[in-house]
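Next comes my_file33.tsv, with TSV, C-alpha atoms.
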chain	number	residue	atom	x	y	z
A	49	MET	CA	31.19	160.30	28.23
A	50	GLU	CA	29.79	156.85	27.50
A	51	LEU	CA	29.48	154.24	30.24
A	52	ILE	CA	31.84	151.90	28.35
A	53	ASP	CA	34.64	154.46	28.78
A	54	TYR	CA	34.68	153.79	32.54
A	55	PHE	CA	35.71	150.15	32.11
A	56	GLN	CA	39.15	148.83	31.29
A	57	TYR	CA	39.77	145.44	29.70
A	58	ASN	CA	42.78	145.20	31.97
A	59	SER	CA	43.78	141.56	31.47
A	60	ILE	CA	43.25	140.48	27.86
A	61	LEU	CA	43.89	136.75	28.25
A	62	ILE	CA	42.25	136.21	31.64
A	63	LEU	CA	39.10	138.19	30.80
A	64	THR	CA	38.82	136.53	27.38
A	65	TYR	CA	39.26	133.14	29.04
A	66	PHE	CA	36.43	134.01	31.44
A	67	PHE	CA	34.01	135.22	28.77
A	68	VAL	CA	34.72	132.27	26.45
A	69	SER	CA	34.14	129.87	29.37
A	70	VAL	CA	30.83	131.59	30.17
A	71	ALA	CA	29.81	131.24	26.49
A	72	VAL	CA	30.78	127.54	26.59
A	73	LEU	CA	28.65	127.06	29.73
A	74	ILE	CA	25.66	128.76	28.06
A	75	LEU	CA	26.18	126.48	25.04
A	76	LYS	CA	26.22	123.50	27.40
A	77	TYR	CA	22.78	124.48	28.74
A	78	ILE	CA	21.42	125.12	25.22
A	79	THR	CA	22.63	121.71	23.99
A	80	ALA	CA	21.64	119.83	27.16
A	81	GLY	CA	25.30	118.98	27.84
A	82	LYS	CA	26.15	117.62	24.39
A	83	SER	CA	28.62	120.41	23.60
A	84	ASN	CA	30.61	119.51	26.72
A	85	ASP	CA	30.59	115.83	25.77
A	86	ILE	CA	31.73	116.49	22.21
A	87	LEU	CA	34.15	119.43	22.61
A	88	PHE	CA	34.74	120.63	26.15
A	89	SER	CA	35.69	117.60	28.23
A	90	SER	CA	38.62	115.24	27.90
A	91	TYR	CA	38.41	111.47	28.18
A	92	ARG	CA	39.92	108.35	26.68
A	93	SER	CA	38.68	107.99	23.12
A	94	SER	CA	39.79	106.72	19.73
A	95	PRO	CA	43.16	108.08	18.54
A	96	PHE	CA	41.62	108.18	15.04
A	97	ASN	CA	39.01	110.74	16.10
A	98	PRO	CA	40.37	114.28	15.44
A	99	LEU	CA	38.25	115.67	18.30
A	100	THR	CA	40.25	113.55	20.74
A	101	TYR	CA	43.19	115.91	20.19
A	102	VAL	CA	41.06	119.07	20.29
A	103	ARG	CA	39.57	118.02	23.64
A	104	LEU	CA	43.04	117.65	25.16
A	105	PHE	CA	43.12	121.46	25.20
A	106	THR	CA	39.47	122.60	25.22
A	107	HIS	CA	38.50	120.74	28.39
A	108	VAL	CA	39.73	123.76	30.40
A	109	LEU	CA	36.90	125.84	28.87
A	110	GLY	CA	34.06	123.51	29.88
A	111	HIS	CA	32.30	123.49	33.26
A	112	SER	CA	29.47	121.42	34.65
A	113	ASP	CA	27.46	124.37	36.03
A	114	TRP	CA	27.69	127.99	37.14
A	115	LYS	CA	28.97	127.05	40.62
A	116	HIS	CA	31.81	125.01	39.09
A	117	LEU	CA	32.77	127.92	36.80
A	118	SER	CA	32.48	130.62	39.46
A	119	ASN	CA	34.57	128.63	41.97
A	120	ASN	CA	37.39	128.33	39.43
A	121	PHE	CA	37.23	131.86	38.08
A	122	LEU	CA	37.11	133.43	41.53
A	123	TYR	CA	40.78	132.42	41.80
A	124	ILE	CA	41.65	132.98	38.14
A	125	LEU	CA	40.26	136.53	38.09
A	126	LEU	CA	42.01	137.29	41.37
A	127	ILE	CA	45.47	135.88	40.56
A	128	GLY	CA	45.51	135.76	36.77
A	129	PRO	CA	45.92	139.46	35.93
A	130	MET	CA	49.02	139.71	38.14
A	131	ILE	CA	50.54	136.63	36.47
A	132	GLU	CA	49.63	137.89	33.00
A	133	GLU	CA	51.28	141.23	33.70
A	134	LYS	CA	54.42	139.55	35.05
A	135	TYR	CA	54.89	136.89	32.35
A	136	GLY	CA	53.11	138.49	29.38
A	137	THR	CA	49.91	137.53	27.60
A	138	ILE	CA	51.44	135.22	24.97
A	139	ASN	CA	53.69	133.45	27.49
A	140	LEU	CA	50.78	132.83	29.84
A	141	LEU	CA	48.63	131.56	26.96
A	142	ILE	CA	51.38	129.07	26.05
A	143	MET	CA	51.64	127.96	29.70
A	144	ILE	CA	47.87	127.43	29.88
A	145	LEU	CA	47.88	125.43	26.63
A	146	ILE	CA	50.82	123.28	27.74
A	147	THR	CA	49.21	122.63	31.14
A	148	ALA	CA	45.85	121.78	29.56
A	149	GLY	CA	47.56	119.45	27.09
A	150	VAL	CA	49.59	117.66	29.75
A	151	ILE	CA	46.52	117.19	31.96
A	152	GLY	CA	44.50	115.95	28.97
A	153	ILE	CA	47.18	113.52	27.79
A	154	ILE	CA	47.87	112.05	31.23
A	155	ASN	CA	44.14	111.69	31.92
A	156	SER	CA	43.63	109.98	28.54
A	157	ILE	CA	46.41	107.49	29.27
A	158	PHE	CA	45.96	106.80	32.99
A	159	GLY	CA	42.61	108.27	34.00
A	160	ARG	CA	39.17	106.75	33.85
A	161	LYS	CA	37.28	109.98	34.37
A	162	ARG	CA	35.82	112.48	31.97
A	163	ILE	CA	37.43	115.75	33.02
A	164	LEU	CA	36.49	119.35	32.40
A	165	GLY	CA	37.04	122.69	34.05
A	166	ALA	CA	39.74	125.23	34.77
A	167	SER	CA	40.84	123.88	38.15
A	168	GLY	CA	44.19	122.62	36.83
A	169	ILE	CA	44.84	126.14	35.54
A	170	VAL	CA	43.83	127.53	38.94
A	171	PHE	CA	46.46	125.38	40.64
A	172	MET	CA	49.06	126.40	38.04
A	173	LEU	CA	48.36	130.11	38.70
A	174	ILE	CA	48.37	129.65	42.48
A	175	MET	CA	51.81	128.03	42.41
A	176	MET	CA	53.15	130.63	39.96
A	177	SER	CA	51.91	133.47	42.18
A	178	SER	CA	54.22	132.35	44.98
A	179	PHE	CA	57.24	132.99	42.70
A	180	VAL	CA	56.32	136.60	41.87
A	181	ASN	CA	58.38	138.21	44.66
A	182	ILE	CA	61.16	135.62	44.81
A	183	GLU	CA	64.66	136.71	45.76
A	184	GLU	CA	67.66	135.07	44.14
A	185	THR	CA	68.80	131.78	45.76
A	186	LYS	CA	65.96	131.90	48.32
A	187	ILE	CA	62.87	129.69	48.42
A	188	PRO	CA	59.72	131.66	49.31
A	189	LEU	CA	58.03	130.40	52.46
A	190	THR	CA	54.70	131.09	50.75
A	191	LEU	CA	55.62	128.51	48.09
A	192	ILE	CA	56.16	125.84	50.75
A	193	LEU	CA	52.92	126.71	52.57
A	194	ILE	CA	50.90	126.81	49.35
A	195	PHE	CA	52.41	123.47	48.35
A	196	ILE	CA	51.43	121.94	51.70
A	197	PHE	CA	47.90	123.37	51.74
A	198	TYR	CA	47.02	122.73	48.12
A	199	VAL	CA	49.17	119.95	46.65
A	200	VAL	CA	49.54	117.67	49.69
A	201	ASN	CA	45.81	118.07	50.38
A	202	GLU	CA	45.03	117.07	46.78
A	203	ILE	CA	47.26	113.99	47.05
A	204	ILE	CA	45.50	112.93	50.26
A	205	ASP	CA	42.03	113.62	48.80
A	206	GLY	CA	42.94	111.72	45.63
A	207	LEU	CA	43.91	108.66	47.66
A	208	ILE	CA	41.03	108.76	50.14
A	209	LYS	CA	38.00	110.39	48.52
A	210	LYS	CA	35.87	108.81	45.82
A	211	ASP	CA	34.45	111.82	44.01
A	212	ASN	CA	34.20	113.31	40.53
A	213	ILE	CA	37.04	115.78	41.08
A	214	SER	CA	40.20	115.33	39.03
A	215	HIS	CA	42.76	115.52	41.83
A	216	MET	CA	45.38	114.36	39.34
A	217	GLY	CA	44.58	117.42	37.17
A	218	HIS	CA	45.03	119.70	40.17
A	219	ILE	CA	48.40	118.16	41.01
A	220	ILE	CA	49.60	118.36	37.40
A	221	GLY	CA	48.53	122.01	37.23
A	222	ALA	CA	50.45	122.76	40.43
A	223	VAL	CA	53.56	120.95	39.17
A	224	CYS	CA	53.41	122.88	35.89
A	225	GLY	CA	53.07	126.17	37.82
A	226	CYS	CA	56.13	125.29	39.93
A	227	LEU	CA	58.13	124.39	36.81
A	228	TYR	CA	57.22	127.64	35.04
A	229	GLY	CA	58.09	129.68	38.13
A	230	TYR	CA	61.34	127.78	38.64
A	231	ILE	CA	62.41	128.16	35.00
A	232	TYR	CA	61.51	131.84	34.92
A	233	TYR	CA	63.03	132.95	38.22
A	234	VAL	CA	65.42	130.40	39.69
A	235	ILE	CA	67.21	129.33	36.51
A	236	GLY	CA	67.41	132.98	35.55
A	237	ILE	CA	65.27	133.46	32.46
A	238	SER	CA	63.55	136.42	34.10
A	239	ASN	CA	65.75	138.94	32.27
A	240	ILE	CA	64.90	137.63	28.80
A	241	PRO	CA	61.56	136.83	27.16
A	242	MET	CA	60.36	133.37	28.10
A	243	PHE	CA	58.98	132.44	24.70
A	244	PHE	CA	58.19	135.63	22.82
A	245	SER	CA	59.31	139.23	23.05

Written as structure tokens, how would this file's structure read?
Amino acid sequence: MELIDYFQYNSILILTYFFVSVAVLILKYITAGKSNDILFSSYRSSPFNPLTYVRLFTHVLGHSDWKHLSNNFLYILLIGPMIEEKYGTINLLIMILITAGVIGIINSIFGRKRILGASGIVFMLIMMSSFVNIEETKIPLTLILIFIFYVVNEIIDGLIKKDNISHMGHIIGAVCGCLYGYIYYVIGISNIPMFFS
């Protein structure tokens, strides 16, 4: 039996997301950061430049260095497969694209920073994970605690700290995760496909 037979590609979207992000990071090192500037970070730029619209979505693939990538994917690889199994690969891909787009658009309009990285997606997945075992008409205590520890902390850090972290992106990701979880479970779409069958 070949060695490859012992491994299972158990989470198609999450693992593909990881490997593509690693390839993008390698490309960043090869191009001395130019690939991130051109394709894999989002910032305010001319509405007549087609890459402006591409970057609204691709910024979640770019990372500044290995530590940045590994910090984000530690959470994504831990939580992501469970979310992908619960919601489905296509649905989760759509949620990631919507979240990336919303973060990119809001940053382009209101932000002054160049943003990149999967941290907004991390916050989306963290908030969605608290909905997985929800019971009808009950709010999970884990959702409230996660909201306090992650979202409130990001709001405080965003107001107080002057750093290169997109706290706004984290908050938007968390809000998107709450909305997806709320729509799927609380409103009652859990018995039918969310977007695709």

Q | Nearby residues (all atoms listed in the file) at most 12 Å from Pro98 (chain A), same-chain spacing under 5 positions excluded, as number ranges by chain | A | A: 86-87, 93, 103-104

Q | Nearest-residue call for Ser177 (chain A), choices A:Ile163, A:Ile131, A:Ile142, A:Ala148, using all atoms listed in the file | A | A:Ile131

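Between CA of Asp85 (chain A) and CA of Leu63 (chain A) the separation is 24.4 Å.
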
Q: Would you please work out which residue, of A:Tyr198, A:Phe88, A:Phe96, A:Phe55, is nearest to Leu109 (chain A) when using all atoms listed in the file?
A: A:Phe88

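The point (41.3, 136.6, 39.9) has these residues within 12 Å of it, counting all atoms listed in the file: Asn58, Ser59, Leu61, Ile62, Leu63, Tyr65, Phe66, Ser118, Asn119, Asn120, Phe121, Leu122, Tyr123, Ile124, Leu125, Leu126, Ile127, Gly128, Pro129, Met130, Ile131, Glu132, Ile169, Val170, Leu173, Ile174 and Ser177 of chain A.
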
Mind writing the picked residues with C-alpha atoms as an mmCIF file, in the coordinates of the input?
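Result written to out26.cif:
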data_model
loop_
_atom_site.group_PDB
_atom_site.id
_atom_site.type_symbol
_atom_site.label_atom_id
_atom_site.label_comp_id
_atom_site.auth_asym_id
_atom_site.auth_seq_id
_atom_site.Cartn_x
_atom_site.Cartn_y
_atom_site.Cartn_z
ATOM 1 C CA ASN A 58 42.780 145.200 31.970
ATOM 2 C CA SER A 59 43.780 141.560 31.470
ATOM 3 C CA LEU A 61 43.890 136.750 28.250
ATOM 4 C CA ILE A 62 42.250 136.210 31.640
ATOM 5 C CA LEU A 63 39.100 138.190 30.800
ATOM 6 C CA TYR A 65 39.260 133.140 29.040
ATOM 7 C CA PHE A 66 36.430 134.010 31.440
ATOM 8 C CA SER A 118 32.480 130.620 39.460
ATOM 9 C CA ASN A 119 34.570 128.630 41.970
ATOM 10 C CA ASN A 120 37.390 128.330 39.430
ATOM 11 C CA PHE A 121 37.230 131.860 38.080
ATOM 12 C CA LEU A 122 37.110 133.430 41.530
ATOM 13 C CA TYR A 123 40.780 132.420 41.800
ATOM 14 C CA ILE A 124 41.650 132.980 38.140
ATOM 15 C CA LEU A 125 40.260 136.530 38.090
ATOM 16 C CA LEU A 126 42.010 137.290 41.370
ATOM 17 C CA ILE A 127 45.470 135.880 40.560
ATOM 18 C CA GLY A 128 45.510 135.760 36.770
ATOM 19 C CA PRO A 129 45.920 139.460 35.930
ATOM 20 C CA MET A 130 49.020 139.710 38.140
ATOM 21 C CA ILE A 131 50.540 136.630 36.470
ATOM 22 C CA GLU A 132 49.630 137.890 33.000
ATOM 23 C CA ILE A 169 44.840 126.140 35.540
ATOM 24 C CA VAL A 170 43.830 127.530 38.940
ATOM 25 C CA LEU A 173 48.360 130.110 38.700
ATOM 26 C CA ILE A 174 48.370 129.650 42.480
ATOM 27 C CA SER A 177 51.910 133.470 42.180
#

Q) What is the distance, in Å and to one decimal place, between CA of Cys224 (chain A) and CA of Ile151 (chain A)? A) 9.8 Å

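The interatomic distance for the pair CA of Val180 (chain A) and CA of Tyr135 (chain A) works out to 9.6 Å.
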
Q) From the set A:Trp114, A:Tyr91, A:Phe179, A:Phe105, which residue has the shortest atom-to-atom contact distance to Ile157 (chain A), counting all atoms listed in the file? A) A:Tyr91

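Only residues having an atom at most 9 Å from (49.4, 118.9, 39.4) are included; using only C-alpha atoms, these are Ile151, Gly168, Phe171, Met172, Val199, Glu202, His215, Met216, Gly217, His218, Ile219, Ile220, Gly221, Ala222, Val223, Cys224 and Gly225 of chain A.
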
Q) Which residue, A:Gln56, A:Ser178, A:Thr79, A:Ser167, has the smallest gap to Val108 (chain A) when you use all atoms listed in the file? A) A:Ser167

Would you compute an axis-aligned box for region 71-89 of chain A, covering every atom listed for it in the file with 8 Å of margin on each side, and report centre and edge lengths in Å to one decimal as JSON?
{"center_x": 28.6, "center_y": 123.5, "center_z": 26.0, "size_x": 30.3, "size_y": 31.4, "size_z": 23.5}

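Minimum atom-to-atom distances from A:Leu75, A:Leu227, A:Leu117, A:Ile138 to Leu164 (chain A) were compared using all atoms listed in the file, and the lowest value belongs to A:Leu117.
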
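Of the residues listed (A:Asn97, A:Tyr228, A:Arg92, A:Asn84), A:Arg92 shows the shortest atom-to-atom separation from Phe158 (chain A); distances use all atoms listed in the file.
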
Q) Which polymer residues have any atom within 7 Å of an atom of Leu73 (chain A), counting only C-alpha atoms, with same-chain residues fewer than 3 positions away left out, as JSON, numbers by chain? A) {"A": [69, 70, 76, 77, 110, 111, 113]}

What would region 130-164 of chain A look like with N, CA and C atoms restored, written as a PDB file, in the coordinates of the input?
ATOM      1  N   MET A 130      47.659 139.481  37.634  1.00  0.00           N
ATOM      2  CA  MET A 130      49.020 139.710  38.140  1.00  0.00           C
ATOM      3  C   MET A 130      50.023 138.825  37.403  1.00  0.00           C
ATOM      4  N   ILE A 131      49.659 137.563  37.179  1.00  0.00           N
ATOM      5  CA  ILE A 131      50.540 136.630  36.470  1.00  0.00           C
ATOM      6  C   ILE A 131      50.686 137.044  35.008  1.00  0.00           C
ATOM      7  N   GLU A 132      49.580 137.460  34.404  1.00  0.00           N
ATOM      8  CA  GLU A 132      49.630 137.890  33.000  1.00  0.00           C
ATOM      9  C   GLU A 132      50.519 139.115  32.830  1.00  0.00           C
ATOM     10  N   GLU A 133      50.431 140.043  33.778  1.00  0.00           N
ATOM     11  CA  GLU A 133      51.280 141.230  33.700  1.00  0.00           C
ATOM     12  C   GLU A 133      52.749 140.878  33.876  1.00  0.00           C
ATOM     13  N   LYS A 134      53.036 139.931  34.754  1.00  0.00           N
ATOM     14  CA  LYS A 134      54.420 139.550  35.050  1.00  0.00           C
ATOM     15  C   LYS A 134      55.055 138.755  33.907  1.00  0.00           C
ATOM     16  N   TYR A 135      54.334 137.787  33.352  1.00  0.00           N
ATOM     17  CA  TYR A 135      54.890 136.890  32.350  1.00  0.00           C
ATOM     18  C   TYR A 135      54.601 137.316  30.917  1.00  0.00           C
ATOM     19  N   GLY A 136      53.542 138.101  30.721  1.00  0.00           N
ATOM     20  CA  GLY A 136      53.110 138.490  29.380  1.00  0.00           C
ATOM     21  C   GLY A 136      51.967 137.620  28.892  1.00  0.00           C
ATOM     22  N   THR A 137      51.115 138.202  28.065  1.00  0.00           N
ATOM     23  CA  THR A 137      49.910 137.530  27.600  1.00  0.00           C
ATOM     24  C   THR A 137      50.226 136.267  26.793  1.00  0.00           C
ATOM     25  N   ILE A 138      51.127 136.371  25.829  1.00  0.00           N
ATOM     26  CA  ILE A 138      51.440 135.220  24.970  1.00  0.00           C
ATOM     27  C   ILE A 138      52.093 134.102  25.777  1.00  0.00           C
ATOM     28  N   ASN A 139      53.034 134.462  26.657  1.00  0.00           N
ATOM     29  CA  ASN A 139      53.690 133.450  27.490  1.00  0.00           C
ATOM     30  C   ASN A 139      52.686 132.713  28.365  1.00  0.00           C
ATOM     31  N   LEU A 140      51.771 133.473  28.969  1.00  0.00           N
ATOM     32  CA  LEU A 140      50.780 132.830  29.840  1.00  0.00           C
ATOM     33  C   LEU A 140      49.841 131.951  29.025  1.00  0.00           C
ATOM     34  N   LEU A 141      49.474 132.389  27.826  1.00  0.00           N
ATOM     35  CA  LEU A 141      48.630 131.560  26.960  1.00  0.00           C
ATOM     36  C   LEU A 141      49.334 130.240  26.649  1.00  0.00           C
ATOM     37  N   ILE A 142      50.619 130.299  26.339  1.00  0.00           N
ATOM     38  CA  ILE A 142      51.380 129.070  26.050  1.00  0.00           C
ATOM     39  C   ILE A 142      51.424 128.167  27.275  1.00  0.00           C
ATOM     40  N   MET A 143      51.616 128.755  28.466  1.00  0.00           N
ATOM     41  CA  MET A 143      51.640 127.960  29.700  1.00  0.00           C
ATOM     42  C   MET A 143      50.298 127.280  29.937  1.00  0.00           C
ATOM     43  N   ILE A 144      49.204 128.006  29.696  1.00  0.00           N
ATOM     44  CA  ILE A 144      47.870 127.430  29.880  1.00  0.00           C
ATOM     45  C   ILE A 144      47.654 126.280  28.899  1.00  0.00           C
ATOM     46  N   LEU A 145      48.048 126.478  27.638  1.00  0.00           N
ATOM     47  CA  LEU A 145      47.880 125.430  26.630  1.00  0.00           C
ATOM     48  C   LEU A 145      48.717 124.196  26.952  1.00  0.00           C
ATOM     49  N   ILE A 146      49.968 124.416  27.380  1.00  0.00           N
ATOM     50  CA  ILE A 146      50.820 123.280  27.740  1.00  0.00           C
ATOM     51  C   ILE A 146      50.224 122.523  28.926  1.00  0.00           C
ATOM     52  N   THR A 147      49.801 123.259  29.947  1.00  0.00           N
ATOM     53  CA  THR A 147      49.210 122.630  31.140  1.00  0.00           C
ATOM     54  C   THR A 147      47.956 121.852  30.783  1.00  0.00           C
ATOM     55  N   ALA A 148      47.080 122.469  29.989  1.00  0.00           N
ATOM     56  CA  ALA A 148      45.850 121.780  29.560  1.00  0.00           C
ATOM     57  C   ALA A 148      46.195 120.517  28.795  1.00  0.00           C
ATOM     58  N   GLY A 149      47.155 120.606  27.879  1.00  0.00           N
ATOM     59  CA  GLY A 149      47.560 119.450  27.090  1.00  0.00           C
ATOM     60  C   GLY A 149      48.129 118.325  27.928  1.00  0.00           C
ATOM     61  N   VAL A 150      48.989 118.674  28.881  1.00  0.00           N
ATOM     62  CA  VAL A 150      49.590 117.660  29.750  1.00  0.00           C
ATOM     63  C   VAL A 150      48.520 116.971  30.591  1.00  0.00           C
ATOM     64  N   ILE A 151      47.603 117.765  31.164  1.00  0.00           N
ATOM     65  CA  ILE A 151      46.520 117.190  31.960  1.00  0.00           C
ATOM     66  C   ILE A 151      45.669 116.263  31.081  1.00  0.00           C
ATOM     67  N   GLY A 152      45.322 116.738  29.878  1.00  0.00           N
ATOM     68  CA  GLY A 152      44.500 115.950  28.970  1.00  0.00           C
ATOM     69  C   GLY A 152      45.162 114.647  28.560  1.00  0.00           C
ATOM     70  N   ILE A 153      46.449 114.718  28.226  1.00  0.00           N
ATOM     71  CA  ILE A 153      47.180 113.520  27.790  1.00  0.00           C
ATOM     72  C   ILE A 153      47.290 112.502  28.929  1.00  0.00           C
ATOM     73  N   ILE A 154      47.697 112.968  30.095  1.00  0.00           N
ATOM     74  CA  ILE A 154      47.870 112.050  31.230  1.00  0.00           C
ATOM     75  C   ILE A 154      46.525 111.428  31.627  1.00  0.00           C
ATOM     76  N   ASN A 155      45.459 112.236  31.599  1.00  0.00           N
ATOM     77  CA  ASN A 155      44.140 111.690  31.920  1.00  0.00           C
ATOM     78  C   ASN A 155      43.703 110.668  30.869  1.00  0.00           C
ATOM     79  N   SER A 156      44.010 110.924  29.603  1.00  0.00           N
ATOM     80  CA  SER A 156      43.630 109.980  28.540  1.00  0.00           C
ATOM     81  C   SER A 156      44.368 108.654  28.664  1.00  0.00           C
ATOM     82  N   ILE A 157      45.608 108.725  29.153  1.00  0.00           N
ATOM     83  CA  ILE A 157      46.410 107.490  29.270  1.00  0.00           C
ATOM     84  C   ILE A 157      46.095 106.740  30.554  1.00  0.00           C
ATOM     85  N   PHE A 158      46.068 107.462  31.683  1.00  0.00           N
ATOM     86  CA  PHE A 158      45.960 106.800  32.990  1.00  0.00           C
ATOM     87  C   PHE A 158      44.601 106.953  33.664  1.00  0.00           C
ATOM     88  N   GLY A 159      43.863 107.988  33.296  1.00  0.00           N
ATOM     89  CA  GLY A 159      42.610 108.270  34.000  1.00  0.00           C
ATOM     90  C   GLY A 159      41.436 107.501  33.460  1.00  0.00           C
ATOM     91  N   ARG A 160      40.413 107.389  34.271  1.00  0.00           N
ATOM     92  CA  ARG A 160      39.170 106.750  33.850  1.00  0.00           C
ATOM     93  C   ARG A 160      38.025 107.733  33.878  1.00  0.00           C
ATOM     94  N   LYS A 161      38.318 108.976  34.235  1.00  0.00           N
ATOM     95  CA  LYS A 161      37.280 109.980  34.370  1.00  0.00           C
ATOM     96  C   LYS A 161      37.201 110.864  33.135  1.00  0.00           C
ATOM     97  N   ARG A 162      36.019 111.407  32.936  1.00  0.00           N
ATOM     98  CA  ARG A 162      35.820 112.480  31.970  1.00  0.00           C
ATOM     99  C   ARG A 162      36.099 113.772  32.729  1.00  0.00           C
ATOM    100  N   ILE A 163      37.068 114.543  32.274  1.00  0.00           N
ATOM    101  CA  ILE A 163      37.430 115.750  33.020  1.00  0.00           C
ATOM    102  C   ILE A 163      37.068 117.010  32.234  1.00  0.00           C
ATOM    103  N   LEU A 164      36.716 118.040  32.964  1.00  0.00           N
ATOM    104  CA  LEU A 164      36.490 119.350  32.400  1.00  0.00           C
ATOM    105  C   LEU A 164      36.631 120.383  33.492  1.00  0.00           C
TER     106      LEU A 164
END
